[in-house]
Protein chains: 2
Amino acid sequence: MQPARRLYRRESEENRRSALIAATQELVAEGGPEAATVRAIAERAGVTPGLIRHYFTSKDELNRAAYRTLMDGMTAKGADAIEGVGASPEERLAAFIAASLRPPVLDAGAVVLWAGYMHKVRSDADLLAVHEAGYLAYRDTLQRLIETLPRDTSPGQTRREAVACNALIDGLWVEGSLLPAAFAPGEVVTIGLGSIGAILGIDLLAQSAKLPDFGRTQT
Amino acid sequence: MQPARRLYRRESEENRRSALIAATQELVAEGGPEAATVRAIAERAGVTPGLIRHYFTSKDELNRAAYRTLMDGMTAKGADAIEGVGASPEERLAAFIAASLRPPVLDAGAVVLWAGYMHKVRSDADLLAVHEAGYLAYRDTLQRLIETLPRDTSPGQTRREAVACNALIDGLWVEGSLLPAAFAPGEVVTIGLGSIGAILGIDLLAQSAKLPDFGRTQT
DNA sequence: TCCGCCTTTATACACATGTATAACAGGTTT
DNA sequence: AAACCTGTTATACATGTGTATAAAGGCGGA
């Protein structure tokens, strides 16, 4: 008697694509790009390897989709955080920054996933475009928040400030995620708000005290 | 007639190890970790694949050595930059920062190399230790430079400032390397000095004008 | 109820990868 | 000059990889 052929259910194209993308992201986050083999992805997604090439013309295309999904999700989570917060520009900016420096955005898996794809940016022009679009989207959101602050600014100032703040958040995000033991709980958020406030010449730490969930992960 | 056995010269252990490490770094920088196969590394280093396992017990160990060499080199280049600079603490700090945000440190290959290894940090405890040591070494150098500034500081202040400045430099280093076209020549250095000066409450841009080679890559 | 489409599985293939082991030869010692 | 050590090459092997192609079965329409 032969081993029975595997039973299956037909799923919508969207379900299958997102399941494959999620499986890819999980595997890259856990073990790096080398762990995300066609067979491992298929197993994680509960399908057989062949199906991947039914929905994606190649494994590279699946990787691009996974990276794009990651980048979009990061800025979306930050944008979500300013919803429902008081109308004060300072408060909204503080909420945006804090959200980027706290779980689930501050997460070792996310950093590793991001880093895992970064090297492909050089060899894959499409992926570079994805990266650039994601980076600029995040920075633009930041710059728009900065422009709403009640300050006098010189030409090009907010652009430079947005670049600096973005870089600061990125750096804190990486090290805070990778070396959580090197920081006290909530310290990454405090440092981020304090130093960005210094760059912009406002007191963000005072503003953040008003945020509803700010005390959650604090010491 | 058989193809003749390949001629070779015996080399010192140090030469061979460093050649293999350099070849590994180059390949990872060019095509990511997946491009750094045993055979490719050997070819680049001008030896045959078997020799790798004569000097390194496994390919993973070679990768660890390559990552350690990278991290050490980065802080060393920054430290070199403050040699021979005027004794003013502000000048020395500005020189250190500028060196980290200019080639050869600001380099897409270096970022990709760094990112390529970062994902291994989660699965390889030894590599995590290498990462942490490298990160703290750089940050400590920064903190020591900050402490020499003539200011009144509160307890823990310089630590938080060092974390923030380190993160800012990291973030600028990544984006400046990966998207050089998104910035004007020298803009990354200017933004770095300006915003770090704001964090520390000093004017680093004025100081940097005194640096001998500052105008080199400026607009 | 039965037919047919198309999602999904199964199998095969060519090639790359890391590792192990044995044979060879450069260079030093005697 | 001859013996020896060991750095170095060469070969083999088991396994894993992405991809191609054919077969099968779920599920909707007639």
# chains A, B, ... in the order shown; residues from 1 in each chain; ligands from 1
$ interface_residues --of "chain D" --to "chain B" --cutoff "12 Å" --atoms "only C-alpha atoms (C1' of nucleotides)" --output "list of chain:residue names"
D:DT6, D:DG7, D:DT8, D:DT9, D:DA10, D:DT11, D:DT17
$ closest_atom_pairs --of "chain C" --to "chain B" --cutoff "8 Å" --atoms "only C-alpha atoms (C1' of nucleotides)" --output "CSV"
residue,atom,partner,partner_atom,distance
C:DT17,C1',B:Thr37,CA,7.5
C:DG18,C1',B:Val38,CA,7.5
C:DG26,C1',B:Arg10,CA,6.7
$ write_last_selection --atoms "N, CA and C atoms (P, O5', C5', C4', C3', O3' and C1' of nucleotides)" --output "PDB file, in the first residue's frame"
ATOM      1  P    DT C  17      28.045  27.374  -4.221  1.00  0.00           P
ATOM      2  O5'  DT C  17      27.993  26.673  -2.799  1.00  0.00           O
ATOM      3  C5'  DT C  17      26.758  26.563  -2.099  1.00  0.00           C
ATOM      4  C4'  DT C  17      26.905  25.506  -1.020  1.00  0.00           C
ATOM      5  C3'  DT C  17      28.277  25.524  -0.349  1.00  0.00           C
ATOM      6  O3'  DT C  17      28.208  26.230   0.854  1.00  0.00           O
ATOM      7  C1'  DT C  17      27.478  23.294  -0.784  1.00  0.00           C
ATOM      8  P    DG C  18      29.607  26.573   1.605  1.00  0.00           P
ATOM      9  O5'  DG C  18      29.794  25.360   2.622  1.00  0.00           O
ATOM     10  C5'  DG C  18      28.767  25.070   3.544  1.00  0.00           C
ATOM     11  C4'  DG C  18      29.096  23.812   4.333  1.00  0.00           C
ATOM     12  C3'  DG C  18      30.474  23.818   5.007  1.00  0.00           C
ATOM     13  O3'  DG C  18      30.356  23.231   6.289  1.00  0.00           O
ATOM     14  C1'  DG C  18      30.332  21.999   3.488  1.00  0.00           C
ATOM     15  P    DG C  26      56.953  21.544  -5.231  1.00  0.00           P
ATOM     16  O5'  DG C  26      57.291  22.774  -4.239  1.00  0.00           O
ATOM     17  C5'  DG C  26      56.210  23.494  -3.661  1.00  0.00           C
ATOM     18  C4'  DG C  26      56.548  23.925  -2.239  1.00  0.00           C
ATOM     19  C3'  DG C  26      57.935  24.528  -2.075  1.00  0.00           C
ATOM     20  O3'  DG C  26      57.811  25.641  -1.209  1.00  0.00           O
ATOM     21  C1'  DG C  26      57.684  22.680  -0.600  1.00  0.00           C
TER      22       DG C  26
END
$ closest_atom_pairs --of "chain B" --to "chain A" --cutoff "7 Å" --atoms "only C-alpha atoms" --output "CSV"
residue,atom,partner,partner_atom,distance
B:Gly31,CA,A:Ser123,CA,6.8
B:Gly32,CA,A:His119,CA,5.4
B:Val112,CA,A:His119,CA,4.9
B:Ala115,CA,A:Ala115,CA,4.9
B:Gly116,CA,A:His119,CA,6.1
B:Met118,CA,A:Ala115,CA,6.5
B:His119,CA,A:Val112,CA,4.7
B:Lys120,CA,A:Gly32,CA,6.6
B:Ser123,CA,A:Gly31,CA,6.6
B:Arg160,CA,A:Ile191,CA,6.2
B:Ala164,CA,A:Ile191,CA,6.5
B:Ala167,CA,A:Gly171,CA,3.9
B:Leu168,CA,A:Leu168,CA,4.0
B:Asp170,CA,A:Gly171,CA,5.3
B:Gly171,CA,A:Ala167,CA,3.9
B:Leu172,CA,A:Ala167,CA,5.2
B:Ile191,CA,A:Arg160,CA,6.2
B:Ser195,CA,A:Ile199,CA,5.6
B:Ala198,CA,A:Ile199,CA,5.2
B:Ile199,CA,A:Ala198,CA,5.2
$ write_last_selection --atoms "N, CA and C atoms" --output "short mmCIF file (atom, residue, chain, number, x, y, z; two decimals), in the first residue's frame"
data_model
loop_
_atom_site.label_atom_id
_atom_site.label_comp_id
_atom_site.auth_asym_id
_atom_site.auth_seq_id
_atom_site.Cartn_x
_atom_site.Cartn_y
_atom_site.Cartn_z
N GLY B 31 28.32 40.18 -2.55
CA GLY B 31 27.13 39.41 -2.89
C GLY B 31 26.39 38.81 -1.72
N GLY B 32 26.70 39.31 -0.50
CA GLY B 32 26.03 38.77 0.66
C GLY B 32 26.63 37.46 1.11
N VAL B 112 26.81 46.47 4.06
CA VAL B 112 26.28 45.18 3.64
C VAL B 112 26.99 44.06 4.37
N ALA B 115 25.61 44.09 7.87
CA ALA B 115 24.25 43.56 7.89
C ALA B 115 24.24 42.06 7.62
N GLY B 116 25.12 41.65 6.73
CA GLY B 116 25.15 40.24 6.37
C GLY B 116 25.45 39.34 7.57
N MET B 118 24.84 40.35 10.74
CA MET B 118 23.98 40.65 11.88
C MET B 118 22.95 39.56 12.13
N HIS B 119 22.46 38.99 11.06
CA HIS B 119 21.39 38.00 11.27
C HIS B 119 21.91 36.77 11.98
N LYS B 120 23.18 36.51 11.84
CA LYS B 120 23.74 35.34 12.53
C LYS B 120 23.84 35.55 14.03
N SER B 123 21.50 33.39 16.19
CA SER B 123 21.67 31.94 16.28
C SER B 123 23.07 31.56 16.80
N ARG B 160 23.76 58.29 28.54
CA ARG B 160 22.61 58.44 27.64
C ARG B 160 23.01 59.19 26.37
N ALA B 164 22.84 57.85 22.48
CA ALA B 164 22.12 58.59 21.44
C ALA B 164 23.05 58.94 20.28
N ALA B 167 23.86 55.90 18.25
CA ALA B 167 22.73 55.51 17.41
C ALA B 167 22.61 56.43 16.20
N LEU B 168 22.79 57.70 16.44
CA LEU B 168 22.69 58.68 15.35
C LEU B 168 23.75 58.41 14.29
N ASP B 170 25.30 55.58 13.76
CA ASP B 170 24.96 54.31 13.11
C ASP B 170 23.92 54.51 12.02
N GLY B 171 22.85 55.19 12.38
CA GLY B 171 21.77 55.39 11.42
C GLY B 171 22.22 56.17 10.20
N LEU B 172 22.98 57.22 10.41
CA LEU B 172 23.48 58.01 9.29
C LEU B 172 24.44 57.19 8.44
N ILE B 191 25.09 67.01 8.78
CA ILE B 191 23.93 66.68 9.61
C ILE B 191 24.37 66.01 10.90
N SER B 195 23.55 67.77 14.49
CA SER B 195 22.58 67.21 15.44
C SER B 195 23.26 66.67 16.69
N ALA B 198 23.72 69.56 18.82
CA ALA B 198 22.47 69.93 19.49
C ALA B 198 22.22 69.05 20.70
N ILE B 199 22.50 67.76 20.56
CA ILE B 199 22.28 66.84 21.69
C ILE B 199 23.18 67.20 22.86
#
$ select_by_dssp --residues "range 22-147 of chain B" --states "helix (DSSP H, G or I)" --output "PyMOL selection string"
chain B and resi 22-31+33-35+38-45+49-55+59-81+89-100+108-118+120-123+125-147
$ atom_distance --atom1 "CA of Arg68 in chain A" --atom2 "CA of Asp126 in chain A"
10.4 Å
$ residues_around --residues "DA12 in chain D" --least-positions-apart "4" --cutoff "12 Å" --atoms "only C-alpha atoms (C1' of nucleotides)" --output "PDB file with all heavy atoms, in the first residue's frame"
ATOM      1  P    DT C  19      31.683  23.125   7.195  1.00  0.00           P
ATOM      2  OP1  DT C  19      31.248  23.252   8.599  1.00  0.00           O
ATOM      3  OP2  DT C  19      32.726  24.006   6.666  1.00  0.00           O
ATOM      4  O5'  DT C  19      32.132  21.603   6.939  1.00  0.00           O
ATOM      5  C5'  DT C  19      31.194  20.563   7.160  1.00  0.00           C
ATOM      6  C4'  DT C  19      31.762  19.223   6.754  1.00  0.00           C
ATOM      7  O4'  DT C  19      31.950  19.178   5.312  1.00  0.00           O
ATOM      8  C3'  DT C  19      33.130  18.894   7.377  1.00  0.00           C
ATOM      9  O3'  DT C  19      33.016  17.686   8.100  1.00  0.00           O
ATOM     10  C2'  DT C  19      34.067  18.756   6.173  1.00  0.00           C
ATOM     11  C1'  DT C  19      33.117  18.429   5.040  1.00  0.00           C
ATOM     12  N1   DT C  19      33.595  18.820   3.684  1.00  0.00           N
ATOM     13  C2   DT C  19      33.777  17.856   2.721  1.00  0.00           C
ATOM     14  O2   DT C  19      33.574  16.672   2.915  1.00  0.00           O
ATOM     15  N3   DT C  19      34.210  18.323   1.507  1.00  0.00           N
ATOM     16  C4   DT C  19      34.477  19.633   1.161  1.00  0.00           C
ATOM     17  O4   DT C  19      34.867  19.934   0.036  1.00  0.00           O
ATOM     18  C5   DT C  19      34.265  20.600   2.212  1.00  0.00           C
ATOM     19  C7   DT C  19      34.523  22.059   1.960  1.00  0.00           C
ATOM     20  C6   DT C  19      33.832  20.155   3.420  1.00  0.00           C
ATOM     21  P    DA C  20      34.192  17.275   9.089  1.00  0.00           P
ATOM     22  OP1  DA C  20      33.562  16.818  10.345  1.00  0.00           O
ATOM     23  OP2  DA C  20      35.198  18.340   9.123  1.00  0.00           O
ATOM     24  O5'  DA C  20      34.820  16.006   8.373  1.00  0.00           O
ATOM     25  C5'  DA C  20      33.969  14.941   7.964  1.00  0.00           C
ATOM     26  C4'  DA C  20      34.726  14.010   7.025  1.00  0.00           C
ATOM     27  O4'  DA C  20      34.936  14.687   5.760  1.00  0.00           O
ATOM     28  C3'  DA C  20      36.109  13.598   7.536  1.00  0.00           C
ATOM     29  O3'  DA C  20      36.193  12.174   7.547  1.00  0.00           O
ATOM     30  C2'  DA C  20      37.079  14.217   6.534  1.00  0.00           C
ATOM     31  C1'  DA C  20      36.235  14.393   5.295  1.00  0.00           C
ATOM     32  N9   DA C  20      36.654  15.516   4.439  1.00  0.00           N
ATOM     33  C8   DA C  20      36.739  16.832   4.788  1.00  0.00           C
ATOM     34  N7   DA C  20      37.131  17.625   3.808  1.00  0.00           N
ATOM     35  C5   DA C  20      37.317  16.766   2.740  1.00  0.00           C
ATOM     36  C6   DA C  20      37.720  16.981   1.411  1.00  0.00           C
ATOM     37  N6   DA C  20      38.026  18.190   0.922  1.00  0.00           N
ATOM     38  N1   DA C  20      37.789  15.903   0.587  1.00  0.00           N
ATOM     39  C2   DA C  20      37.479  14.693   1.092  1.00  0.00           C
ATOM     40  N3   DA C  20      37.082  14.374   2.321  1.00  0.00           N
ATOM     41  C4   DA C  20      37.014  15.467   3.108  1.00  0.00           C
ATOM     42  P    DT C  21      37.434  11.460   8.266  1.00  0.00           P
ATOM     43  OP1  DT C  21      36.919  10.204   8.842  1.00  0.00           O
ATOM     44  OP2  DT C  21      38.128  12.434   9.129  1.00  0.00           O
ATOM     45  O5'  DT C  21      38.399  11.102   7.054  1.00  0.00           O
ATOM     46  C5'  DT C  21      37.830  10.517   5.894  1.00  0.00           C
ATOM     47  C4'  DT C  21      38.849  10.436   4.778  1.00  0.00           C
ATOM     48  O4'  DT C  21      38.923  11.691   4.071  1.00  0.00           O
ATOM     49  C3'  DT C  21      40.279  10.138   5.251  1.00  0.00           C
ATOM     50  O3'  DT C  21      40.812   9.097   4.452  1.00  0.00           O
ATOM     51  C2'  DT C  21      41.024  11.444   5.030  1.00  0.00           C
ATOM     52  C1'  DT C  21      40.285  11.982   3.811  1.00  0.00           C
ATOM     53  N1   DT C  21      40.424  13.444   3.618  1.00  0.00           N
ATOM     54  C2   DT C  21      40.638  13.925   2.337  1.00  0.00           C
ATOM     55  O2   DT C  21      40.710  13.196   1.368  1.00  0.00           O
ATOM     56  N3   DT C  21      40.764  15.287   2.252  1.00  0.00           N
ATOM     57  C4   DT C  21      40.705  16.199   3.302  1.00  0.00           C
ATOM     58  O4   DT C  21      40.825  17.395   3.103  1.00  0.00           O
ATOM     59  C5   DT C  21      40.481  15.624   4.605  1.00  0.00           C
ATOM     60  C7   DT C  21      40.402  16.529   5.790  1.00  0.00           C
ATOM     61  C6   DT C  21      40.353  14.289   4.696  1.00  0.00           C
ATOM     62  P    DA C  22      42.114   8.294   4.991  1.00  0.00           P
ATOM     63  OP1  DA C  22      41.671   6.936   5.364  1.00  0.00           O
ATOM     64  OP2  DA C  22      42.850   9.114   5.959  1.00  0.00           O
ATOM     65  O5'  DA C  22      42.968   8.203   3.655  1.00  0.00           O
ATOM     66  C5'  DA C  22      42.302   7.965   2.419  1.00  0.00           C
ATOM     67  C4'  DA C  22      43.071   8.624   1.279  1.00  0.00           C
ATOM     68  O4'  DA C  22      42.921  10.063   1.354  1.00  0.00           O
ATOM     69  C3'  DA C  22      44.575   8.353   1.314  1.00  0.00           C
ATOM     70  O3'  DA C  22      45.014   8.042   0.004  1.00  0.00           O
ATOM     71  C2'  DA C  22      45.167   9.665   1.813  1.00  0.00           C
ATOM     72  C1'  DA C  22      44.194  10.664   1.224  1.00  0.00           C
ATOM     73  N9   DA C  22      44.172  11.956   1.896  1.00  0.00           N
ATOM     74  C8   DA C  22      43.999  12.188   3.233  1.00  0.00           C
ATOM     75  N7   DA C  22      44.018  13.461   3.563  1.00  0.00           N
ATOM     76  C5   DA C  22      44.239  14.108   2.363  1.00  0.00           C
ATOM     77  C6   DA C  22      44.365  15.473   2.031  1.00  0.00           C
ATOM     78  N6   DA C  22      44.301  16.456   2.926  1.00  0.00           N
ATOM     79  N1   DA C  22      44.575  15.777   0.732  1.00  0.00           N
ATOM     80  C2   DA C  22      44.650  14.787  -0.164  1.00  0.00           C
ATOM     81  N3   DA C  22      44.533  13.473   0.033  1.00  0.00           N
ATOM     82  C4   DA C  22      44.328  13.202   1.330  1.00  0.00           C
TER      83       DA C  22
END
$ atom_distance --atom1 "CA of Gln207 in chain B" --atom2 "CA of Ala94 in chain B"
6.9 Å
$ closest_residue --among "A:Ser154, A:Ser100, A:Thr57, A:Asn63" --to "Asp124 in chain A" --atoms "only C-alpha atoms"
A:Asn63
$ residues_around --residues "Gln143 in chain B" --least-positions-apart "4" --cutoff "7 Å" --atoms "only C-alpha atoms (C1' of nucleotides)" --output "ChimeraX atom specification"
/B:139,147,158-159,162
$ closest_residue --among "B:Ala125, B:Leu142, B:Leu70, B:Ala36" --to "Ala95 in chain B" --atoms "only C-alpha atoms"
B:Leu142
$ residues_around --residues "Ala19 in chain B" --least-positions-apart "3" --cutoff "12 Å" --atoms "only C-alpha atoms (C1' of nucleotides)" --output "list in words"
Glu11, Ser12, Glu13, Glu14, Asn15, Arg16, Ala22, Ala23, Thr24, Gln25, Glu26, Ile41, Ala42, Glu43, Arg44, Ala45, Gly46, Val47, Leu51, Ile52, Tyr55, Leu62, Ala65 and Ala66 of chain B
$ write_last_selection --atoms "C-alpha atoms" --output "PDB file, in the first residue's frame"
ATOM      1  CA  GLU B  11      52.951  30.935   3.417  1.00  0.00           C
ATOM      2  CA  SER B  12      52.960  31.943   7.031  1.00  0.00           C
ATOM      3  CA  GLU B  13      49.893  31.150   9.073  1.00  0.00           C
ATOM      4  CA  GLU B  14      49.160  34.836   9.562  1.00  0.00           C
ATOM      5  CA  ASN B  15      49.313  35.595   5.855  1.00  0.00           C
ATOM      6  CA  ARG B  16      47.000  32.756   4.975  1.00  0.00           C
ATOM      7  CA  ALA B  22      39.881  39.406   3.507  1.00  0.00           C
ATOM      8  CA  ALA B  23      38.489  37.205   0.754  1.00  0.00           C
ATOM      9  CA  THR B  24      35.489  36.350   2.906  1.00  0.00           C
ATOM     10  CA  GLN B  25      34.786  39.991   3.664  1.00  0.00           C
ATOM     11  CA  GLU B  26      35.035  41.001   0.044  1.00  0.00           C
ATOM     12  CA  ILE B  41      36.649  32.210  -0.792  1.00  0.00           C
ATOM     13  CA  ALA B  42      39.448  29.842  -1.694  1.00  0.00           C
ATOM     14  CA  GLU B  43      39.586  31.055  -5.265  1.00  0.00           C
ATOM     15  CA  ARG B  44      39.666  34.695  -4.170  1.00  0.00           C
ATOM     16  CA  ALA B  45      42.436  33.964  -1.714  1.00  0.00           C
ATOM     17  CA  GLY B  46      44.383  32.046  -4.350  1.00  0.00           C
ATOM     18  CA  VAL B  47      44.246  28.666  -2.641  1.00  0.00           C
ATOM     19  CA  LEU B  51      43.039  24.808   2.933  1.00  0.00           C
ATOM     20  CA  ILE B  52      40.271  26.707   4.664  1.00  0.00           C
ATOM     21  CA  TYR B  55      43.284  27.057   9.271  1.00  0.00           C
ATOM     22  CA  LEU B  62      36.052  31.826   9.523  1.00  0.00           C
ATOM     23  CA  ALA B  65      36.897  35.909  12.483  1.00  0.00           C
ATOM     24  CA  ALA B  66      35.802  38.027   9.512  1.00  0.00           C
TER      25      ALA B  66
END
$ closest_residue --among "D:DC13, D:DA23, D:DC5, D:DA30" --to "DT1 in chain C" --atoms "only C-alpha atoms (C1' of nucleotides)"
D:DA30
$ atom_distance --atom1 "CA of Ala137 in chain A" --atom2 "CA of Pro103 in chain B"
26.6 Å
$ decode --residues "range 3-25 of chain C" --atoms "N, CA, C and O atoms (P, O5', C5', C4', C3', O3' and C1' of nucleotides)" --output "compact mmCIF listing (two decimals), in the first residue's frame"
# COMPACT_ATOMS: atom_id res chain seq x y z
P DC C 3 -18.71 12.06 -17.22
O5' DC C 3 -18.17 13.35 -17.97
C5' DC C 3 -19.09 14.39 -18.31
C4' DC C 3 -18.45 15.75 -18.06
C3' DC C 3 -16.95 15.80 -18.39
O3' DC C 3 -16.74 16.82 -19.35
C1' DC C 3 -17.39 16.78 -16.28
P DG C 4 -15.40 16.86 -20.20
O5' DG C 4 -14.67 18.14 -19.59
C5' DG C 4 -15.40 19.35 -19.49
C4' DG C 4 -14.65 20.31 -18.57
C3' DG C 4 -13.15 20.40 -18.85
O3' DG C 4 -12.76 21.75 -18.76
C1' DG C 4 -13.51 19.81 -16.60
P DC C 5 -11.57 22.31 -19.59
O5' DC C 5 -11.04 23.51 -18.67
C5' DC C 5 -12.00 24.37 -18.05
C4' DC C 5 -11.57 24.68 -16.62
C3' DC C 5 -10.12 25.14 -16.47
O3' DC C 5 -10.12 26.30 -15.66
C1' DC C 5 -10.59 23.43 -14.93
P DC C 6 -8.97 27.44 -15.85
O5' DC C 6 -8.22 27.48 -14.45
C5' DC C 6 -8.97 27.30 -13.25
C4' DC C 6 -8.08 26.69 -12.17
C3' DC C 6 -6.59 27.02 -12.30
O3' DC C 6 -6.06 27.12 -11.01
C1' DC C 6 -6.83 24.75 -12.18
P DT C 7 -5.28 28.46 -10.44
O5' DT C 7 -5.07 28.12 -8.88
C5' DT C 7 -6.19 27.91 -8.07
C4' DT C 7 -6.04 26.65 -7.24
C3' DT C 7 -4.79 26.61 -6.34
O3' DT C 7 -5.19 26.18 -5.06
C1' DT C 7 -4.91 24.63 -7.62
P DT C 8 -4.15 26.30 -3.79
O5' DT C 8 -3.37 24.91 -3.85
C5' DT C 8 -4.02 23.74 -3.42
C4' DT C 8 -3.19 22.52 -3.76
C3' DT C 8 -1.76 22.50 -3.20
O3' DT C 8 -1.71 21.63 -2.09
C1' DT C 8 -1.92 21.53 -5.38
P DT C 9 -0.27 21.23 -1.43
O5' DT C 9 0.05 19.88 -2.20
C5' DT C 9 -0.86 18.81 -2.14
C4' DT C 9 -0.38 17.64 -2.99
C3' DT C 9 0.96 17.04 -2.56
O3' DT C 9 0.82 15.64 -2.40
C1' DT C 9 1.00 17.57 -4.88
P DA C 10 1.99 14.80 -1.66
O5' DA C 10 2.81 14.24 -2.90
C5' DA C 10 2.12 13.55 -3.94
C4' DA C 10 3.07 13.24 -5.09
C3' DA C 10 4.46 12.74 -4.65
O3' DA C 10 4.72 11.50 -5.29
C1' DA C 10 4.65 14.50 -6.24
P DT C 11 5.96 10.60 -4.80
O5' DT C 11 7.00 10.80 -5.97
C5' DT C 11 6.52 10.74 -7.32
C4' DT C 11 7.54 11.33 -8.28
C3' DT C 11 9.00 10.95 -7.98
O3' DT C 11 9.51 10.24 -9.10
C1' DT C 11 8.78 13.26 -8.48
P DA C 12 11.01 9.61 -9.07
O5' DA C 12 11.76 10.63 -10.05
C5' DA C 12 11.06 11.15 -11.17
C4' DA C 12 11.90 12.22 -11.85
C3' DA C 12 13.41 11.97 -11.79
O3' DA C 12 13.97 12.21 -13.06
C1' DA C 12 12.91 14.10 -10.91
P DC C 13 15.50 11.77 -13.38
O5' DC C 13 16.21 13.18 -13.56
C5' DC C 13 15.46 14.26 -14.13
C4' DC C 13 16.24 15.54 -14.00
C3' DC C 13 17.76 15.32 -13.87
O3' DC C 13 18.43 16.25 -14.68
C1' DC C 13 16.98 16.68 -12.11
P DA C 14 19.74 15.77 -15.48
O5' DA C 14 20.61 17.10 -15.42
C5' DA C 14 19.98 18.36 -15.60
C4' DA C 14 20.59 19.38 -14.67
C3' DA C 14 22.12 19.28 -14.54
O3' DA C 14 22.67 20.56 -14.71
C1' DA C 14 21.12 19.28 -12.40
P DC C 15 24.24 20.74 -14.87
O5' DC C 15 24.60 21.64 -13.61
C5' DC C 15 23.62 22.56 -13.11
C4' DC C 15 23.81 22.77 -11.63
C3' DC C 15 25.27 22.87 -11.17
O3' DC C 15 25.45 24.15 -10.60
C1' DC C 15 23.95 21.59 -9.67
P DA C 16 26.89 24.77 -10.33
O5' DA C 16 26.82 25.09 -8.78
C5' DA C 16 25.67 25.75 -8.26
C4' DA C 16 25.65 25.63 -6.75
C3' DA C 16 27.01 25.84 -6.08
O3' DA C 16 26.83 26.71 -4.97
C1' DA C 16 26.09 23.76 -5.41
P DT C 17 28.05 27.37 -4.22
O5' DT C 17 27.99 26.67 -2.80
C5' DT C 17 26.76 26.56 -2.10
C4' DT C 17 26.91 25.51 -1.02
C3' DT C 17 28.28 25.52 -0.35
O3' DT C 17 28.21 26.23 0.85
C1' DT C 17 27.48 23.29 -0.78
P DG C 18 29.61 26.57 1.61
O5' DG C 18 29.79 25.36 2.62
C5' DG C 18 28.77 25.07 3.54
C4' DG C 18 29.10 23.81 4.33
C3' DG C 18 30.47 23.82 5.01
O3' DG C 18 30.36 23.23 6.29
C1' DG C 18 30.33 22.00 3.49
P DT C 19 31.68 23.12 7.19
O5' DT C 19 32.13 21.60 6.94
C5' DT C 19 31.19 20.56 7.16
C4' DT C 19 31.76 19.22 6.75
C3' DT C 19 33.13 18.89 7.38
O3' DT C 19 33.02 17.69 8.10
C1' DT C 19 33.12 18.43 5.04
P DA C 20 34.19 17.27 9.09
O5' DA C 20 34.82 16.01 8.37
C5' DA C 20 33.97 14.94 7.96
C4' DA C 20 34.73 14.01 7.03
C3' DA C 20 36.11 13.60 7.54
O3' DA C 20 36.19 12.17 7.55
C1' DA C 20 36.24 14.39 5.30
P DT C 21 37.43 11.46 8.27
O5' DT C 21 38.40 11.10 7.05
C5' DT C 21 37.83 10.52 5.89
C4' DT C 21 38.85 10.44 4.78
C3' DT C 21 40.28 10.14 5.25
O3' DT C 21 40.81 9.10 4.45
C1' DT C 21 40.29 11.98 3.81
P DA C 22 42.11 8.29 4.99
O5' DA C 22 42.97 8.20 3.65
C5' DA C 22 42.30 7.97 2.42
C4' DA C 22 43.07 8.62 1.28
C3' DA C 22 44.58 8.35 1.31
O3' DA C 22 45.01 8.04 0.00
C1' DA C 22 44.19 10.66 1.22
P DA C 23 46.46 7.36 -0.20
O5' DA C 23 47.16 8.35 -1.23
C5' DA C 23 46.43 8.76 -2.39
C4' DA C 23 47.01 10.06 -2.93
C3' DA C 23 48.53 10.04 -3.13
O3' DA C 23 48.82 10.56 -4.42
C1' DA C 23 47.93 11.90 -1.80
P DC C 24 50.30 10.35 -5.01
O5' DC C 24 50.91 11.82 -4.91
C5' DC C 24 50.16 12.91 -5.46
C4' DC C 24 50.69 14.20 -4.90
C3' DC C 24 52.19 14.45 -5.09
O3' DC C 24 52.33 15.59 -5.88
C1' DC C 24 51.44 15.13 -2.95
P DA C 25 53.72 15.85 -6.66
O5' DA C 25 54.33 17.02 -5.75
C5' DA C 25 53.63 18.25 -5.66
C4' DA C 25 54.28 19.14 -4.61
C3' DA C 25 55.79 19.29 -4.74
O3' DA C 25 56.14 20.58 -4.29
C1' DA C 25 55.31 18.44 -2.64
